[in-house]
file run.cif (mmCIF, C-alpha atoms)
data_work
#
loop_
_atom_site.group_PDB
_atom_site.id
_atom_site.type_symbol
_atom_site.label_atom_id
_atom_site.label_comp_id
_atom_site.auth_asym_id
_atom_site.auth_seq_id
_atom_site.Cartn_x
_atom_site.Cartn_y
_atom_site.Cartn_z
ATOM 1 C CA MET A 1 -123.569 168.016 90.204
ATOM 2 C CA LEU A 2 -121.429 164.865 89.948
ATOM 3 C CA LYS A 3 -121.985 164.693 86.193
ATOM 4 C CA GLU A 4 -121.016 168.328 85.695
ATOM 5 C CA ASN A 5 -117.905 168.032 87.860
ATOM 6 C CA PHE A 6 -116.773 164.818 86.193
ATOM 7 C CA THR A 7 -117.338 166.299 82.740
ATOM 8 C CA GLU A 8 -115.405 169.423 83.685
ATOM 9 C CA VAL A 9 -112.397 167.386 84.878
ATOM 10 C CA TYR A 10 -112.527 165.182 81.775
ATOM 11 C CA ASP A 11 -112.767 168.231 79.505
ATOM 12 C CA LYS A 12 -109.761 169.865 81.184
ATOM 13 C CA PHE A 13 -107.624 166.757 80.721
ATOM 14 C CA GLU A 14 -108.768 166.530 77.117
ATOM 15 C CA LEU A 15 -108.102 170.202 76.412
ATOM 16 C CA GLU A 16 -104.626 169.990 77.926
ATOM 17 C CA PHE A 17 -103.966 166.849 75.875
ATOM 18 C CA PHE A 18 -105.004 168.663 72.682
ATOM 19 C CA ARG A 19 -103.003 171.766 73.581
ATOM 20 C CA ARG A 20 -99.870 169.679 74.084
ATOM 21 C CA LEU A 21 -100.626 167.576 71.027
ATOM 22 C CA PHE A 22 -100.863 170.588 68.755
ATOM 23 C CA SER A 23 -97.734 172.118 70.229
ATOM 24 C CA LEU A 24 -95.925 168.923 69.168
ATOM 25 C CA VAL A 25 -97.531 168.642 65.737
ATOM 26 C CA LYS A 26 -95.441 170.883 63.559
ATOM 27 C CA GLU A 27 -95.405 171.249 59.811
ATOM 28 C CA ARG A 28 -91.983 169.741 59.284
ATOM 29 C CA GLU A 29 -90.690 166.465 57.923
ATOM 30 C CA GLY A 30 -90.987 163.591 60.369
ATOM 31 C CA SER A 31 -93.479 165.228 62.716
ATOM 32 C CA LEU A 32 -96.782 163.587 63.507
ATOM 33 C CA THR A 33 -100.048 164.718 62.037
ATOM 34 C CA ALA A 34 -102.909 164.946 64.507
ATOM 35 C CA MET A 35 -104.375 161.683 63.160
ATOM 36 C CA GLU A 36 -101.008 159.951 63.482
ATOM 37 C CA ALA A 37 -100.691 161.181 67.053
ATOM 38 C CA PHE A 38 -104.081 159.667 67.850
ATOM 39 C CA SER A 39 -103.081 156.433 66.084
ATOM 40 C CA VAL A 40 -99.851 156.071 68.041
ATOM 41 C CA GLU A 41 -101.739 156.698 71.300
ATOM 42 C CA ILE A 42 -104.196 153.936 70.403
ATOM 43 C CA ILE A 43 -101.347 151.529 69.587
ATOM 44 C CA HIS A 44 -99.811 152.425 72.947
ATOM 45 C CA HIS A 45 -103.021 151.604 74.804
ATOM 46 C CA MET A 46 -103.561 148.372 72.857
ATOM 47 C CA ASN A 47 -100.178 147.099 74.099
ATOM 48 C CA GLY A 48 -98.655 145.426 71.045
ATOM 49 C CA PRO A 49 -101.555 144.859 68.654
ATOM 50 C CA THR A 50 -101.291 143.350 65.212
ATOM 51 C CA ILE A 51 -102.193 145.582 62.276
ATOM 52 C CA SER A 52 -105.420 143.595 61.978
ATOM 53 C CA GLN A 53 -106.324 144.214 65.638
ATOM 54 C CA PHE A 54 -105.546 147.914 65.189
ATOM 55 C CA ALA A 55 -107.761 148.064 62.083
ATOM 56 C CA ASP A 56 -110.592 146.180 63.794
ATOM 57 C CA PHE A 57 -110.479 148.431 66.849
ATOM 58 C CA LEU A 58 -110.733 151.572 64.715
ATOM 59 C CA GLY A 59 -113.254 150.040 62.328
ATOM 60 C CA ILE A 60 -111.054 150.796 59.296
ATOM 61 C CA SER A 61 -109.814 148.629 56.443
ATOM 62 C CA GLN A 62 -106.650 146.590 56.757
ATOM 63 C CA SER A 63 -105.087 148.603 53.909
ATOM 64 C CA ASN A 64 -105.908 151.927 55.610
ATOM 65 C CA ALA A 65 -104.412 150.642 58.878
ATOM 66 C CA THR A 66 -101.315 149.406 57.037
ATOM 67 C CA TYR A 67 -100.873 152.838 55.448
ATOM 68 C CA LYS A 68 -101.101 154.555 58.860
ATOM 69 C CA VAL A 69 -98.717 152.049 60.459
ATOM 70 C CA ASN A 70 -96.158 152.340 57.657
ATOM 71 C CA SER A 71 -96.162 156.117 58.035
ATOM 72 C CA LEU A 72 -95.568 155.788 61.794
ATOM 73 C CA ILE A 73 -92.757 153.295 61.177
ATOM 74 C CA LYS A 74 -91.159 155.609 58.606
ATOM 75 C CA LYS A 75 -91.292 158.499 61.095
ATOM 76 C CA GLY A 76 -89.764 156.282 63.780
ATOM 77 C CA TYR A 77 -92.599 156.179 66.340
ATOM 78 C CA ILE A 78 -93.393 152.469 66.134
ATOM 79 C CA VAL A 79 -91.676 149.251 65.073
ATOM 80 C CA LYS A 80 -93.024 145.917 63.846
ATOM 81 C CA GLU A 81 -91.783 142.834 65.654
ATOM 82 C CA ASN A 82 -92.409 139.195 64.772
ATOM 83 C CA SER A 83 -94.782 137.337 67.044
ATOM 84 C CA ASP A 84 -93.214 134.727 69.307
ATOM 85 C CA VAL A 85 -96.163 132.428 68.592
ATOM 86 C CA ASP A 86 -96.565 132.854 64.818
ATOM 87 C CA ARG A 87 -93.501 134.195 63.020
ATOM 88 C CA ARG A 88 -95.702 135.294 60.076
ATOM 89 C CA GLU A 89 -97.534 137.724 62.334
ATOM 90 C CA TYR A 90 -96.222 141.138 63.406
ATOM 91 C CA HIS A 91 -97.012 143.118 66.529
ATOM 92 C CA LEU A 92 -96.746 146.885 66.744
ATOM 93 C CA HIS A 93 -94.513 148.246 69.483
ATOM 94 C CA LEU A 94 -93.497 151.731 70.439
ATOM 95 C CA SER A 95 -90.036 153.087 69.747
ATOM 96 C CA GLU A 96 -87.814 155.192 71.969
ATOM 97 C CA LYS A 97 -88.881 158.209 69.912
ATOM 98 C CA TYR A 98 -92.481 157.591 71.024
ATOM 99 C CA TYR A 99 -91.504 157.538 74.685
ATOM 100 C CA GLN A 100 -89.805 160.911 74.344
ATOM 101 C CA TYR A 101 -93.033 162.247 72.799
ATOM 102 C CA SER A 102 -95.372 160.584 75.286
ATOM 103 C CA GLY A 103 -93.447 161.909 78.278
ATOM 104 C CA LEU A 104 -94.514 165.385 77.260
ATOM 105 C CA MET A 105 -98.096 164.216 76.829
ATOM 106 C CA ARG A 106 -98.360 162.510 80.220
ATOM 107 C CA GLY A 107 -96.726 165.271 82.214
ATOM 108 C CA TYR A 108 -100.015 166.984 83.009
ATOM 109 C CA VAL A 109 -101.454 163.833 84.582
ATOM 110 C CA SER A 110 -98.391 163.641 86.832
ATOM 111 C CA THR A 111 -98.761 167.311 87.753
ATOM 112 C CA VAL A 112 -102.414 166.857 88.719
ATOM 113 C CA MET A 113 -101.587 163.680 90.670
ATOM 114 C CA GLU A 114 -98.918 165.494 92.686
ATOM 115 C CA ARG A 115 -101.388 168.269 93.452
ATOM 116 C CA MET A 116 -103.974 165.709 94.553
ATOM 117 C CA GLU A 117 -101.469 164.026 96.869
ATOM 118 C CA ASN A 118 -100.744 167.411 98.464
ATOM 119 C CA ARG A 119 -104.418 168.393 98.720
ATOM 120 C CA PHE A 120 -106.181 165.182 99.863
ATOM 121 C CA GLN A 121 -105.784 162.807 102.770
ATOM 122 C CA PRO A 122 -104.447 159.288 102.024
ATOM 123 C CA GLU A 123 -107.830 157.701 102.807
ATOM 124 C CA GLU A 124 -109.550 160.061 100.347
ATOM 125 C CA LEU A 125 -107.055 159.122 97.642
ATOM 126 C CA GLU A 126 -107.536 155.442 98.460
ATOM 127 C CA LYS A 127 -111.307 155.779 98.003
ATOM 128 C CA LEU A 128 -110.836 157.660 94.724
ATOM 129 C CA THR A 129 -108.433 154.947 93.555
ATOM 130 C CA GLU A 130 -111.028 152.286 94.360
ATOM 131 C CA MET A 131 -113.759 154.201 92.523
ATOM 132 C CA LEU A 132 -111.579 154.732 89.428
ATOM 133 C CA LYS A 133 -110.716 151.019 89.361
ATOM 134 C CA ILE A 134 -114.418 150.101 89.470
ATOM 135 C CA MET A 135 -115.134 152.613 86.705
ATOM 136 C CA SER A 136 -112.408 151.135 84.516
ATOM 137 C CA ASP A 137 -113.110 147.462 85.218
ATOM 138 C CA GLU A 138 -116.911 147.435 85.437
ATOM 139 C CA LEU A 139 -118.526 150.598 84.126
ATOM 140 C CA MET A 140 -116.659 151.070 80.840
ATOM 141 C CA PRO A 141 -116.853 147.665 79.072
ATOM 142 C CA GLU A 142 -116.962 149.179 75.568
ATOM 143 C CA ALA A 143 -113.612 150.904 76.130
ATOM 144 C CA ARG A 144 -111.689 147.698 76.846
ATOM 145 C CA LEU A 145 -108.557 147.239 74.806
ATOM 146 C CA GLN A 146 -107.928 143.569 74.029
#
call {"tool": "encode", "arguments": {"input": "run.cif", "output": "structure tokens"}}
result
Amino acid sequence: MLKENFTEVYDKFELEFFRRLFSLVKEREGSLTAMEAFSVEIIHHMNGPTISQFADFLGISQSNATYKVNSLIKKGYIVKENSDVDRREYHLHLSEKYYQYSGLMRGYVSTVMERMENRFQPEELEKLTEMLKIMSDELMPEARLQ
């Protein structure tokens, strides 16, 4: 039963993410394609990767990653900034335009969290928090970003 319930919750978050994603992806100049939306989300989660790190994570060529990144820069969702350590290296960072977009994407998580806080006792939420932390830190090693 745990597996089914967990899968159902995951699927609902995923479906809501896709629903919101496709409502944002319009066929007009400057909008994100679905693949670009996924790419910008990955860059967000990688917290300032280089193009090489982005390419390695996705298992794509450096030239393919550069093409995707340049498109996102042109559309204004990310910026390249010189590394403080090696001025020849660039890190990818999110622009203000991304944060306007991501606020719409993350709204459902906030809605569900508010509902949980109203529905469950503080000690139940504390236990869930502990379990989620263990899942993230120990049980999902292949999903680590950097």
call {"tool": "closest_atom_pairs", "arguments": {"input": "run.cif", "of": "region 68-134 of chain A", "to": "region 36-54 of chain A", "cutoff": "6 Å", "atoms": "only C-alpha atoms", "output": "JSON lines"}}
result
{"residue": "A:Tyr90", "atom": "CA", "partner": "A:Thr50", "partner_atom": "CA", "distance": 5.8}
{"residue": "A:His91", "atom": "CA", "partner": "A:Thr50", "partner_atom": "CA", "distance": 4.5}
{"residue": "A:Leu92", "atom": "CA", "partner": "A:Gly48", "partner_atom": "CA", "distance": 4.9}
{"residue": "A:His93", "atom": "CA", "partner": "A:Gly48", "partner_atom": "CA", "distance": 5.2}
call {"tool": "residues_near_point", "arguments": {"input": "run.cif", "point": "(-95.3, 149.6, 62.3)", "cutoff": "6 Å", "atoms": "all atoms listed in the file", "output": "list in words"}}
result
Val69, Asn70, Ile73, Ile78, Val79, Lys80 and Leu92 of chain A
call {"tool": "closest_residue", "arguments": {"input": "run.cif", "among": "A:Val112, A:Leu58, A:Leu139, A:Ala65", "to": "Phe13 (chain A)", "atoms": "only C-alpha atoms"}}
result
A:Val112
call {"tool": "closest_residue", "arguments": {"input": "run.cif", "among": "A:Leu128, A:Leu15, A:Leu72, A:Met140", "to": "Lys97 (chain A)", "atoms": "only C-alpha atoms"}}
result
A:Leu72
call {"tool": "residues_around", "arguments": {"input": "run.cif", "residues": "Arg106 (chain A)", "least_positions_apart": "2", "cutoff": "12 Å", "atoms": "only C-alpha atoms", "output": "ChimeraX atom specification"}}
result
/A:13-14,16-18,20-21,41,98-104,108-113
call {"tool": "write_last_selection", "arguments": {"input": "run.cif", "atoms": "C-alpha atoms", "output": "mmCIF file, keeping the file's coordinate frame"}}
result
data_model
loop_
_atom_site.group_PDB
_atom_site.id
_atom_site.type_symbol
_atom_site.label_atom_id
_atom_site.label_comp_id
_atom_site.auth_asym_id
_atom_site.auth_seq_id
_atom_site.Cartn_x
_atom_site.Cartn_y
_atom_site.Cartn_z
ATOM 1 C CA PHE A 13 -107.624 166.757 80.721
ATOM 2 C CA GLU A 14 -108.768 166.530 77.117
ATOM 3 C CA GLU A 16 -104.626 169.990 77.926
ATOM 4 C CA PHE A 17 -103.966 166.849 75.875
ATOM 5 C CA PHE A 18 -105.004 168.663 72.682
ATOM 6 C CA ARG A 20 -99.870 169.679 74.084
ATOM 7 C CA LEU A 21 -100.626 167.576 71.027
ATOM 8 C CA GLU A 41 -101.739 156.698 71.300
ATOM 9 C CA TYR A 98 -92.481 157.591 71.024
ATOM 10 C CA TYR A 99 -91.504 157.538 74.685
ATOM 11 C CA GLN A 100 -89.805 160.911 74.344
ATOM 12 C CA TYR A 101 -93.033 162.247 72.799
ATOM 13 C CA SER A 102 -95.372 160.584 75.286
ATOM 14 C CA GLY A 103 -93.447 161.909 78.278
ATOM 15 C CA LEU A 104 -94.514 165.385 77.260
ATOM 16 C CA TYR A 108 -100.015 166.984 83.009
ATOM 17 C CA VAL A 109 -101.454 163.833 84.582
ATOM 18 C CA SER A 110 -98.391 163.641 86.832
ATOM 19 C CA THR A 111 -98.761 167.311 87.753
ATOM 20 C CA VAL A 112 -102.414 166.857 88.719
ATOM 21 C CA MET A 113 -101.587 163.680 90.670
#
call {"tool": "atom_distance", "arguments": {"input": "run.cif", "atom1": "CA of Glu114 (chain A)", "atom2": "CA of Ser23 (chain A)"}}
result
23.4 Å
call {"tool": "closest_residue", "arguments": {"input": "run.cif", "among": "A:Leu132, A:Ala143, A:Glu117, A:Lys127", "to": "Phe6 (chain A)", "atoms": "all atoms listed in the file"}}
result
A:Leu132
call {"tool": "atom_distance", "arguments": {"input": "run.cif", "atom1": "CA of Glu123 (chain A)", "atom2": "CA of Arg144 (chain A)"}}
result
28.1 Å
call {"tool": "axis_aligned_box", "arguments": {"input": "run.cif", "around": "region 77-87 of chain A", "padding_each_side": "6 Å", "output": "JSON"}}
result
{"center_x": -94.1, "center_y": 144.3, "center_z": 66.2, "size_x": 16.9, "size_y": 35.8, "size_z": 18.3}
call {"tool": "atom_distance", "arguments": {"input": "run.cif", "atom1": "CA of Asn118 (chain A)", "atom2": "CA of Asn5 (chain A)"}}
result
20.2 Å
